[in-house]
$ cat upload_26.tsv   # TSV, C-alpha atoms and all ligand atoms
chain	number	residue	atom	x	y	z
T	1	MET	CA	168.34	80.50	77.87
T	2	SER	CA	164.74	79.80	76.96
T	3	SER	CA	162.26	81.80	78.99
T	4	GLN	CA	159.85	78.86	78.98
T	5	ASN	CA	158.62	77.55	82.30
T	6	ASN	CA	158.36	73.91	83.31
T	7	GLU	CA	155.28	71.98	84.41
T	8	THR	CA	155.79	72.73	88.12
T	9	ASP	CA	155.24	76.45	87.47
T	10	LEU	CA	151.77	75.89	85.99
T	11	LEU	CA	148.66	76.87	87.96
T	12	LYS	CA	146.42	74.07	89.24
T	13	SER	CA	143.60	76.49	89.91
T	14	ILE	CA	142.68	80.17	89.55
T	15	ASP	CA	142.73	80.19	93.36
T	16	ASP	CA	146.52	79.86	93.12
T	17	VAL	CA	146.57	83.59	92.21
T	18	PRO	CA	145.40	85.54	95.31
T	19	GLU	CA	144.93	88.75	93.29
T	20	LEU	CA	142.23	86.97	91.25
T	21	ASN	CA	140.26	86.12	94.36
T	22	LYS	CA	139.04	89.60	95.29
T	23	GLU	CA	135.36	90.59	95.27
T	24	ASN	CA	135.78	93.21	92.53
T	25	VAL	CA	137.38	90.62	90.21
T	26	HIS	CA	134.86	88.90	87.91
T	27	ILE	CA	135.81	85.87	85.78
T	28	PRO	CA	133.17	84.55	83.33
T	29	ASN	CA	134.95	81.26	82.58
T	30	LYS	CA	137.53	80.05	85.13
T	31	GLU	CA	138.48	76.96	83.12
T	32	GLU	CA	139.19	79.00	79.98
T	33	LEU	CA	141.16	81.56	81.98
T	34	LEU	CA	143.23	78.80	83.62
T	35	HIS	CA	144.04	77.39	80.18
T	36	LYS	CA	145.09	80.81	78.84
T	37	LEU	CA	147.20	81.58	81.92
T	38	ASN	CA	149.00	78.24	81.79
T	39	LYS	CA	149.70	78.58	78.05
T	40	MET	CA	151.24	82.00	78.71
T	41	ILE	CA	153.22	80.68	81.70
T	42	LYS	CA	154.45	77.66	79.72
T	43	ASP	CA	155.57	79.79	76.76
T	44	GLY	CA	157.18	82.44	78.95
T	45	HIS	CA	157.83	86.13	78.33
T	46	SER	CA	159.69	85.60	75.03
T	47	LYS	CA	156.37	84.74	73.36
T	48	LEU	CA	154.40	87.57	74.98
T	49	GLN	CA	153.30	91.02	73.87
T	50	ILE	CA	151.24	93.54	75.83
T	51	VAL	CA	148.52	95.61	74.12
T	52	THR	CA	146.97	98.27	76.32
T	53	ASP	CA	144.53	101.12	76.00
T	54	PHE	CA	145.63	104.46	77.48
T	55	ASP	CA	142.74	106.59	78.78
T	56	HIS	CA	141.16	105.03	81.91
T	57	THR	CA	143.32	101.89	81.55
T	58	LEU	CA	146.93	103.01	82.08
T	59	THR	CA	145.38	106.09	83.66
T	60	ARG	CA	142.70	105.70	86.31
T	61	HIS	CA	139.00	106.54	85.92
T	62	THR	CA	138.99	108.59	89.11
T	63	MET	CA	141.45	109.59	91.80
T	64	ASP	CA	141.07	108.45	95.42
T	65	ASN	CA	139.19	111.71	96.14
T	66	GLY	CA	136.64	110.84	93.43
T	67	LYS	CA	137.92	113.45	90.94
T	68	SER	CA	137.64	112.28	87.30
T	69	VAL	CA	140.95	111.79	85.50
T	70	LEU	CA	141.43	113.81	82.31
T	71	THR	CA	141.40	111.91	79.02
T	72	SER	CA	144.15	112.63	76.49
T	73	PHE	CA	141.71	114.97	74.71
T	74	GLY	CA	140.91	116.55	78.06
T	75	MET	CA	144.65	117.16	78.62
T	76	PHE	CA	144.81	119.16	75.39
T	77	ARG	CA	141.71	121.12	76.40
T	78	GLU	CA	143.36	122.13	79.70
T	79	CYS	CA	146.29	123.90	77.98
T	80	PRO	CA	146.10	127.62	78.94
T	81	SER	CA	146.58	129.02	75.43
T	82	ILE	CA	143.68	127.02	73.98
T	83	PRO	CA	140.78	129.40	73.17
T	84	GLN	CA	137.76	129.33	75.48
T	85	ASP	CA	135.32	128.73	72.61
T	86	TYR	CA	137.20	125.50	71.77
T	87	LYS	CA	137.06	124.41	75.41
T	88	ASP	CA	133.32	125.16	75.69
T	89	GLU	CA	132.46	123.26	72.50
T	90	GLU	CA	134.81	120.39	73.41
T	91	ILE	CA	133.12	119.97	76.78
T	92	ARG	CA	129.68	120.24	75.16
T	93	LEU	CA	130.49	117.44	72.69
T	94	ALA	CA	132.03	115.24	75.38
T	95	SER	CA	128.93	115.70	77.56
T	96	ILE	CA	126.78	114.41	74.68
T	97	TYR	CA	128.96	111.52	73.53
T	98	LYS	CA	130.66	110.14	76.64
T	99	PRO	CA	127.31	108.83	78.02
T	100	ILE	CA	126.67	107.18	74.62
T	101	GLU	CA	130.12	105.59	74.71
T	102	VAL	CA	129.30	103.83	77.99
T	103	ASP	CA	125.59	103.20	77.31
T	104	PRO	CA	124.88	99.61	78.46
T	105	VAL	CA	121.89	99.08	76.15
T	106	MET	CA	122.78	100.73	72.81
T	107	SER	CA	124.26	98.34	70.23
T	108	ILE	CA	127.94	98.67	69.27
T	109	GLU	CA	126.80	99.38	65.69
T	110	GLU	CA	124.66	102.30	66.90
T	111	LYS	CA	127.41	103.55	69.22
T	112	THR	CA	129.91	103.42	66.37
T	113	LYS	CA	127.83	105.85	64.29
T	114	HIS	CA	127.80	108.31	67.20
T	115	MET	CA	131.55	107.86	67.85
T	116	ILE	CA	132.30	108.69	64.19
T	117	ASP	CA	130.17	111.85	64.50
T	118	TRP	CA	132.00	112.77	67.73
T	119	TYR	CA	135.46	112.24	66.34
T	120	GLN	CA	134.72	114.09	63.11
T	121	ALA	CA	133.37	117.07	65.05
T	122	ALA	CA	136.22	116.93	67.58
T	123	HIS	CA	138.93	116.76	64.95
T	124	LYS	CA	137.34	119.64	62.95
T	125	LEU	CA	137.35	121.68	66.14
T	126	LEU	CA	141.13	121.26	66.43
T	127	GLN	CA	141.87	122.81	63.04
T	128	GLY	CA	143.53	126.22	62.96
T	129	MET	CA	144.89	126.18	66.53
T	130	LYS	CA	148.57	126.42	67.39
T	131	PHE	CA	149.86	123.19	68.92
T	132	PRO	CA	150.70	124.03	72.58
T	133	LYS	CA	153.72	121.69	72.82
T	134	GLN	CA	155.23	122.90	76.10
T	135	GLU	CA	151.86	123.46	77.79
T	136	LEU	CA	150.86	119.90	76.93
T	137	MET	CA	154.13	118.62	78.42
T	138	ASP	CA	153.38	120.60	81.59
T	139	ILE	CA	149.95	118.94	81.77
T	140	GLY	CA	151.71	115.60	81.15
T	141	TYR	CA	153.70	116.05	84.38
T	142	LYS	CA	150.42	116.60	86.25
T	143	MET	CA	149.14	113.30	84.85
T	144	VAL	CA	151.96	111.25	86.39
T	145	GLU	CA	149.93	110.78	89.60
T	146	CYS	CA	146.90	109.69	87.53
T	147	PHE	CA	148.42	106.44	86.32
T	148	ARG	CA	147.06	103.30	87.98
T	149	ARG	CA	149.27	102.12	90.83
T	150	GLY	CA	151.54	99.41	89.41
T	151	VAL	CA	151.92	100.77	85.86
T	152	GLN	CA	155.57	101.59	86.60
T	153	GLU	CA	156.12	98.00	87.79
T	154	LEU	CA	154.53	96.70	84.56
T	155	ILE	CA	156.64	99.00	82.36
T	156	LEU	CA	159.90	98.10	84.18
T	157	TRP	CA	159.05	94.37	84.09
T	158	SER	CA	158.41	94.53	80.34
T	159	GLN	CA	161.64	96.51	79.86
T	160	ARG	CA	163.64	93.94	81.86
T	161	GLN	CA	162.09	91.04	79.92
T	162	GLN	CA	162.08	92.98	76.62
T	163	VAL	CA	158.36	92.38	76.11
T	164	PRO	CA	156.95	94.86	73.55
T	165	VAL	CA	154.17	97.11	74.87
T	166	LEU	CA	151.69	98.70	72.45
T	167	VAL	CA	149.74	101.65	73.83
T	168	PHE	CA	146.74	101.72	71.47
T	169	SER	CA	144.67	104.86	72.06
T	170	ALA	CA	141.58	106.37	70.43
T	171	GLY	CA	142.58	109.53	72.25
T	172	LEU	CA	145.03	112.25	71.20
T	173	GLY	CA	148.48	110.85	70.44
T	174	GLU	CA	150.48	113.94	71.45
T	175	SER	CA	148.85	113.93	74.88
T	176	VAL	CA	149.51	110.19	75.30
T	177	LEU	CA	153.19	110.76	74.47
T	178	ALA	CA	153.42	113.72	76.85
T	179	ALA	CA	151.97	111.74	79.77
T	180	LEU	CA	154.14	108.68	79.07
T	181	LYS	CA	157.28	110.82	78.68
T	182	ALA	CA	156.55	112.71	81.91
T	183	ALA	CA	156.29	109.41	83.80
T	184	ASP	CA	159.43	107.97	82.13
T	185	PHE	CA	157.28	105.21	80.61
T	186	LEU	CA	158.09	106.05	76.96
T	187	LEU	CA	160.97	103.54	76.75
T	188	PRO	CA	162.24	101.97	73.49
T	189	HIS	CA	160.04	98.84	73.88
T	190	VAL	CA	156.89	100.98	74.30
T	191	LYS	CA	155.12	101.95	71.05
T	192	VAL	CA	152.08	104.24	70.65
T	193	ILE	CA	149.36	104.04	68.01
T	194	SER	CA	146.80	106.84	68.28
T	195	ASN	CA	145.25	109.88	66.60
T	196	PHE	CA	148.25	112.13	65.91
T	197	LEU	CA	147.88	115.73	64.81
T	198	ALA	CA	148.71	116.90	61.28
T	199	MET	CA	150.39	120.31	61.47
T	200	ASP	CA	151.76	122.85	58.97
T	201	GLU	CA	155.26	124.33	59.15
T	202	SER	CA	154.15	126.90	61.74
T	203	ASP	CA	152.78	124.18	64.10
T	204	THR	CA	149.21	125.12	63.22
T	205	ILE	CA	146.89	122.09	63.45
T	206	VAL	CA	145.41	121.18	60.08
T	207	GLY	CA	143.78	117.88	61.10
T	208	ILE	CA	144.52	114.32	62.19
T	209	LYS	CA	147.06	112.07	60.43
T	210	GLY	CA	145.63	109.00	58.69
T	211	GLU	CA	142.37	107.25	59.50
T	212	VAL	CA	140.43	108.18	62.62
T	213	ILE	CA	140.86	105.74	65.50
T	214	HIS	CA	137.73	105.82	67.69
T	215	THR	CA	136.73	103.61	70.60
T	216	TYR	CA	134.97	101.05	68.38
T	217	ASN	CA	137.43	100.54	65.54
T	218	LYS	CA	140.60	99.78	67.51
T	219	ASN	CA	141.63	96.68	65.61
T	220	GLU	CA	143.95	95.40	62.92
T	221	ALA	CA	143.15	98.33	60.60
T	222	ALA	CA	145.45	100.54	62.64
T	223	ILE	CA	148.13	97.97	63.54
T	224	LYS	CA	148.96	96.17	60.28
T	225	ASP	CA	151.90	97.64	58.32
T	226	THR	CA	153.24	99.39	61.40
T	227	GLU	CA	156.68	99.07	63.07
T	228	TYR	CA	154.92	97.41	66.02
T	229	PHE	CA	153.37	94.64	63.91
T	230	SER	CA	156.77	93.52	62.57
T	231	LEU	CA	158.19	93.63	66.13
T	232	VAL	CA	155.70	91.04	67.44
T	233	ARG	CA	155.50	88.48	64.62
T	234	THR	CA	157.01	85.75	66.86
T	235	ARG	CA	155.02	86.71	69.94
T	236	HIS	CA	151.80	84.74	69.79
T	237	ASN	CA	150.47	85.39	73.29
T	238	VAL	CA	148.85	88.75	74.09
T	239	LEU	CA	147.99	90.36	77.40
T	240	LEU	CA	145.29	92.87	76.39
T	241	MET	CA	144.02	95.58	78.75
T	242	GLY	CA	141.23	98.11	78.17
T	243	ASP	CA	138.43	100.04	79.81
T	244	ASN	CA	135.97	100.18	76.91
T	245	ILE	CA	134.07	97.30	75.33
T	246	GLY	CA	135.66	98.32	72.04
T	247	ASP	CA	139.12	97.74	73.51
T	248	ALA	CA	138.46	93.98	73.61
T	249	GLY	CA	139.03	93.90	69.85
T	250	MET	CA	142.47	95.55	69.87
T	251	ALA	CA	144.33	92.33	69.03
T	252	GLU	CA	141.85	91.11	66.39
T	253	GLY	CA	144.30	91.72	63.60
T	254	MET	CA	147.02	89.52	65.08
T	255	ASP	CA	146.15	86.31	63.18
T	256	HIS	CA	149.35	84.63	64.41
T	257	CYS	CA	148.26	84.84	68.05
T	258	ASP	CA	147.29	81.70	70.02
T	259	VAL	CA	146.19	83.25	73.31
T	260	VAL	CA	144.72	86.72	73.89
T	261	LEU	CA	144.08	87.21	77.61
T	262	LYS	CA	141.71	90.16	77.93
T	263	ILE	CA	141.49	92.26	81.11
T	264	GLY	CA	138.69	94.86	81.28
T	265	PHE	CA	138.81	97.78	83.72
T	266	LEU	CA	135.14	98.62	84.30
T	267	GLY	CA	134.84	101.98	86.02
T	268	ARG	CA	131.91	103.79	84.39
T	269	ASN	CA	128.30	102.66	84.57
T	270	ALA	CA	129.66	99.50	86.17
T	271	ARG	CA	126.57	97.57	87.31
T	272	PRO	CA	124.51	97.79	84.07
T	273	ASN	CA	127.64	97.16	81.96
T	274	LEU	CA	129.03	94.17	83.89
T	275	GLN	CA	127.43	91.45	81.74
T	276	ASN	CA	128.48	93.21	78.53
T	277	TYR	CA	132.08	93.21	79.81
T	278	LEU	CA	131.89	89.58	80.96
T	279	ASN	CA	130.91	88.70	77.39
T	280	LYS	CA	134.06	90.38	76.02
T	281	PHE	CA	136.81	90.06	78.64
T	282	ASP	CA	138.39	87.08	80.46
T	283	ILE	CA	138.79	89.13	83.64
T	284	VAL	CA	136.68	92.18	84.57
T	285	LEU	CA	138.00	94.46	87.31
T	286	VAL	CA	135.30	96.75	88.75
T	287	ASP	CA	136.43	100.09	90.20
T	288	GLU	CA	140.03	98.85	90.43
T	289	PRO	CA	142.72	101.54	90.96
T	290	THR	CA	145.76	99.28	90.49
T	291	MET	CA	147.55	96.99	88.03
T	292	ASP	CA	147.82	94.27	90.70
T	293	VAL	CA	146.08	91.61	88.56
T	294	PRO	CA	148.15	92.11	85.36
T	295	ASN	CA	151.35	92.31	87.44
T	296	ALA	CA	150.45	89.11	89.34
T	297	ILE	CA	150.10	87.34	85.98
T	298	LEU	CA	153.31	88.77	84.47
T	299	LYS	CA	155.52	87.86	87.43
T	300	ARG	CA	154.69	84.19	86.72
T	301	LEU	CA	156.12	84.43	83.22
T	302	LEU	CA	159.82	83.64	83.61
T	401	LIG	N1	137.11	115.00	76.08
T	401	LIG	C1	137.16	114.20	75.01
T	401	LIG	N2	137.36	112.87	75.19
T	401	LIG	C2	137.40	112.12	74.08
T	401	LIG	C3	137.22	112.63	72.78
T	401	LIG	N3	137.30	111.59	71.91
T	401	LIG	C4	137.52	110.48	72.65
T	401	LIG	N4	137.57	110.81	73.94
T	401	LIG	C5	137.80	109.90	75.04
T	401	LIG	O1	139.11	109.38	74.88
T	401	LIG	C6	139.07	108.00	75.22
T	401	LIG	C7	139.66	107.24	74.08
T	401	LIG	O2	140.99	107.07	74.36
T	401	LIG	P1	141.52	105.59	74.77
T	401	LIG	O3	142.97	105.79	75.09
T	401	LIG	O4	140.71	105.15	75.96
T	401	LIG	O5	141.28	104.72	73.54
T	401	LIG	C8	137.67	107.55	75.40
T	401	LIG	O6	137.47	107.24	76.75
T	401	LIG	C9	136.84	108.73	75.01
T	401	LIG	O7	135.81	108.96	75.93
T	401	LIG	C10	137.03	114.03	72.62
T	401	LIG	O8	136.88	114.58	71.51
T	401	LIG	N5	137.00	114.77	73.76
T	402	MG	MG	140.20	103.97	77.42
$ encode --input "upload_26.tsv" --output "structure tokens"
Amino acid sequence: MSSQNNETDLLKSIDDVPELNKENVHIPNKEELLHKLNKMIKDGHSKLQIVTDFDHTLTRHTMDNGKSVLTSFGMFRECPSIPQDYKDEEIRLASIYKPIEVDPVMSIEEKTKHMIDWYQAAHKLLQGMKFPKQELMDIGYKMVECFRRGVQELILWSQRQQVPVLVFSAGLGESVLAALKAADFLLPHVKVISNFLAMDESDTIVGIKGEVIHTYNKNEAAIKDTEYFSLVRTRHNVLLMGDNIGDAGMAEGMDHCDVVLKIGFLGRNARPNLQNYLNKFDIVLVDEPTMDVPNAILKRLL
């Protein structure tokens, strides 16, 4: 049976979706969003794919008590057997580059240069250490509570409807896998593209596999010629979710796509960054701890 919807299921107005009418939900172009939503509803779930960032998108920015949520690199850093000098230098680098990553004024070109410096230094720092496989899995279990509320609903919906989900992370792939596995989100329809470690036969880290994925080059370069790309050739509508301006380009390589509906989770430096996000995303959620908006859209796709 086709999963397409009929005309009566189409939205007449954005106001038909209560979750889109909250004060922390910002929509730069309601007409364009209505068009994208109705195209996705009309085509149904059989034409949909989901492309999502991991750090601070599937996981929250902060917990209800205000505590920052570890990034996938931060998860690795928290493993007990990791030497203190690595941890100190890792934190020092992050304290320099994280503010640059979310700087509202610096150009993306300028930020990109700094991100490349960060990633090259970070990856060099990893070399020579033993991969703490079990410790990272233990940290993964602690991350289960750090997922946004509603991620489980999104994963189970996409499993039920067999909608492919790409988790596209500029973080550390092994940590992303550990957190997804711990939460039972690493199901067959969920694929991960990220920076994975290159290790020798004794599990000593020798570097990162392939090209570096940083927050401003997450685009077709990393997706083409992958198992995921062949999986989604017939799926020309994309629900894209990210927390960084650079995430808005994650589906750029999918030339066959008609509609890319982009949801931005803005949780750092929100006020000065809002206009930048409105220029890149169809929906900007400010300080939003849940997946209520994406789930409200998906449940309309029969
Ligand atoms: N503590 C560190 N955080 C890092 C490092 N390199 C990147 N990052 C953060 O990870 C995410 C990127 O992952 P994504 O899943 O969101 O694409 C981003 O927020 C960076 O701040 C690092 O070396 N150390
Ligand atoms: Mg992120």
$ atom_distance --input "upload_26.tsv" --atom1 "atom CA of T:Leu33" --atom2 "atom CA of T:Leu261"
7.7 Å
$ atom_distance --input "upload_26.tsv" --atom1 "atom CA of T:Ala122" --atom2 "atom CA of T:Gly171"
10.8 Å
$ closest_atom_pairs --input "upload_26.tsv" --of "chain T" --to "ligand LIG 401 (chain T)" --cutoff "7 Å" --atoms "only C-alpha atoms and all ligand atoms" --output "Markdown table"
| residue | atom | partner | partner_atom | distance |
| --- | --- | --- | --- | --- |
| T:Asp53 | CA | T:LIG401 | O3 | 5.0 |
| T:Phe54 | CA | T:LIG401 | O3 | 3.8 |
| T:Asp55 | CA | T:LIG401 | O4 | 3.8 |
| T:His56 | CA | T:LIG401 | O4 | 6.0 |
| T:Thr57 | CA | T:LIG401 | O4 | 7.0 |
| T:Thr71 | CA | T:LIG401 | O1 | 5.4 |
| T:Ser72 | CA | T:LIG401 | O1 | 6.2 |
| T:Phe73 | CA | T:LIG401 | C1 | 4.6 |
| T:Gly74 | CA | T:LIG401 | N1 | 4.6 |
| T:Glu90 | CA | T:LIG401 | N5 | 6.0 |
| T:Ile91 | CA | T:LIG401 | N1 | 6.4 |
| T:Ala94 | CA | T:LIG401 | N1 | 5.1 |
| T:Lys98 | CA | T:LIG401 | O7 | 5.3 |
| T:Glu101 | CA | T:LIG401 | O7 | 6.7 |
| T:Trp118 | CA | T:LIG401 | O8 | 6.4 |
| T:Tyr119 | CA | T:LIG401 | O8 | 5.8 |
| T:Ala122 | CA | T:LIG401 | O8 | 4.6 |
| T:Phe168 | CA | T:LIG401 | O5 | 6.6 |
| T:Ser169 | CA | T:LIG401 | O3 | 3.6 |
| T:Ala170 | CA | T:LIG401 | O5 | 3.5 |
| T:Gly171 | CA | T:LIG401 | O2 | 3.6 |
| T:His214 | CA | T:LIG401 | C4 | 6.8 |
| T:Thr215 | CA | T:LIG401 | O5 | 5.5 |
| T:Asp243 | CA | T:LIG401 | O4 | 6.8 |
| T:Asn244 | CA | T:LIG401 | O4 | 6.9 |
$ atom_distance --input "upload_26.tsv" --atom1 "atom CA of T:Ile116" --atom2 "atom CA of T:Leu58"
23.8 Å
$ closest_residue --input "upload_26.tsv" --among "T:Gln134, T:Gln49, T:Asn24, T:Ser194" --to "ligand MG 402 (chain T)" --atoms "only C-alpha atoms and all ligand atoms"
T:Ser194
$ closest_residue --input "upload_26.tsv" --among "T:Leu166, T:Val69, T:Met115, T:Val105" --to "T:Ala222" --atoms "only C-alpha atoms"
T:Leu166
$ closest_residue --input "upload_26.tsv" --among "T:Val144, T:Leu48, T:Leu186, T:Met250" --to "T:Leu231" --atoms "all atoms listed in the file"
T:Leu48
$ axis_aligned_box --input "upload_26.tsv" --around "stretch 171-181 of chain T" --padding-each-side "4 Å" --output "JSON"
{"center_x": 149.9, "center_y": 111.3, "center_z": 75.1, "size_x": 22.7, "size_y": 13.3, "size_z": 17.3}
$ residues_around --input "upload_26.tsv" --residues "T:Glu23" --least-positions-apart "5" --cutoff "12 Å" --atoms "all atoms listed in the file" --output "PyMOL selection string"
chain T and resi 18+284-288
$ write_last_selection --input "upload_26.tsv" --atoms "C-alpha atoms" --output "PDB file, in the frame of the given file"
ATOM      1  CA  PRO T  18     145.400  85.540  95.310  1.00  0.00           C
ATOM      2  CA  VAL T 284     136.680  92.180  84.570  1.00  0.00           C
ATOM      3  CA  LEU T 285     138.000  94.460  87.310  1.00  0.00           C
ATOM      4  CA  VAL T 286     135.300  96.750  88.750  1.00  0.00           C
ATOM      5  CA  ASP T 287     136.430 100.090  90.200  1.00  0.00           C
ATOM      6  CA  GLU T 288     140.030  98.850  90.430  1.00  0.00           C
TER       7      GLU T 288
END
$ residues_around --input "upload_26.tsv" --residues "stretch 295-299 of chain T" --least-positions-apart "5" --cutoff "12 Å" --atoms "all atoms listed in the file" --output "PyMOL selection string"
chain T and resi 5+9-11+14+16-21+33-34+36-41+44-46+48-50+148-158+160-161+163+238-239+241+261-263+283+290
$ closest_residue --input "upload_26.tsv" --among "T:Val25, T:Val176, T:Met143, T:Met137" --to "ligand MG 402 (chain T)" --atoms "all atoms listed in the file"
T:Val176
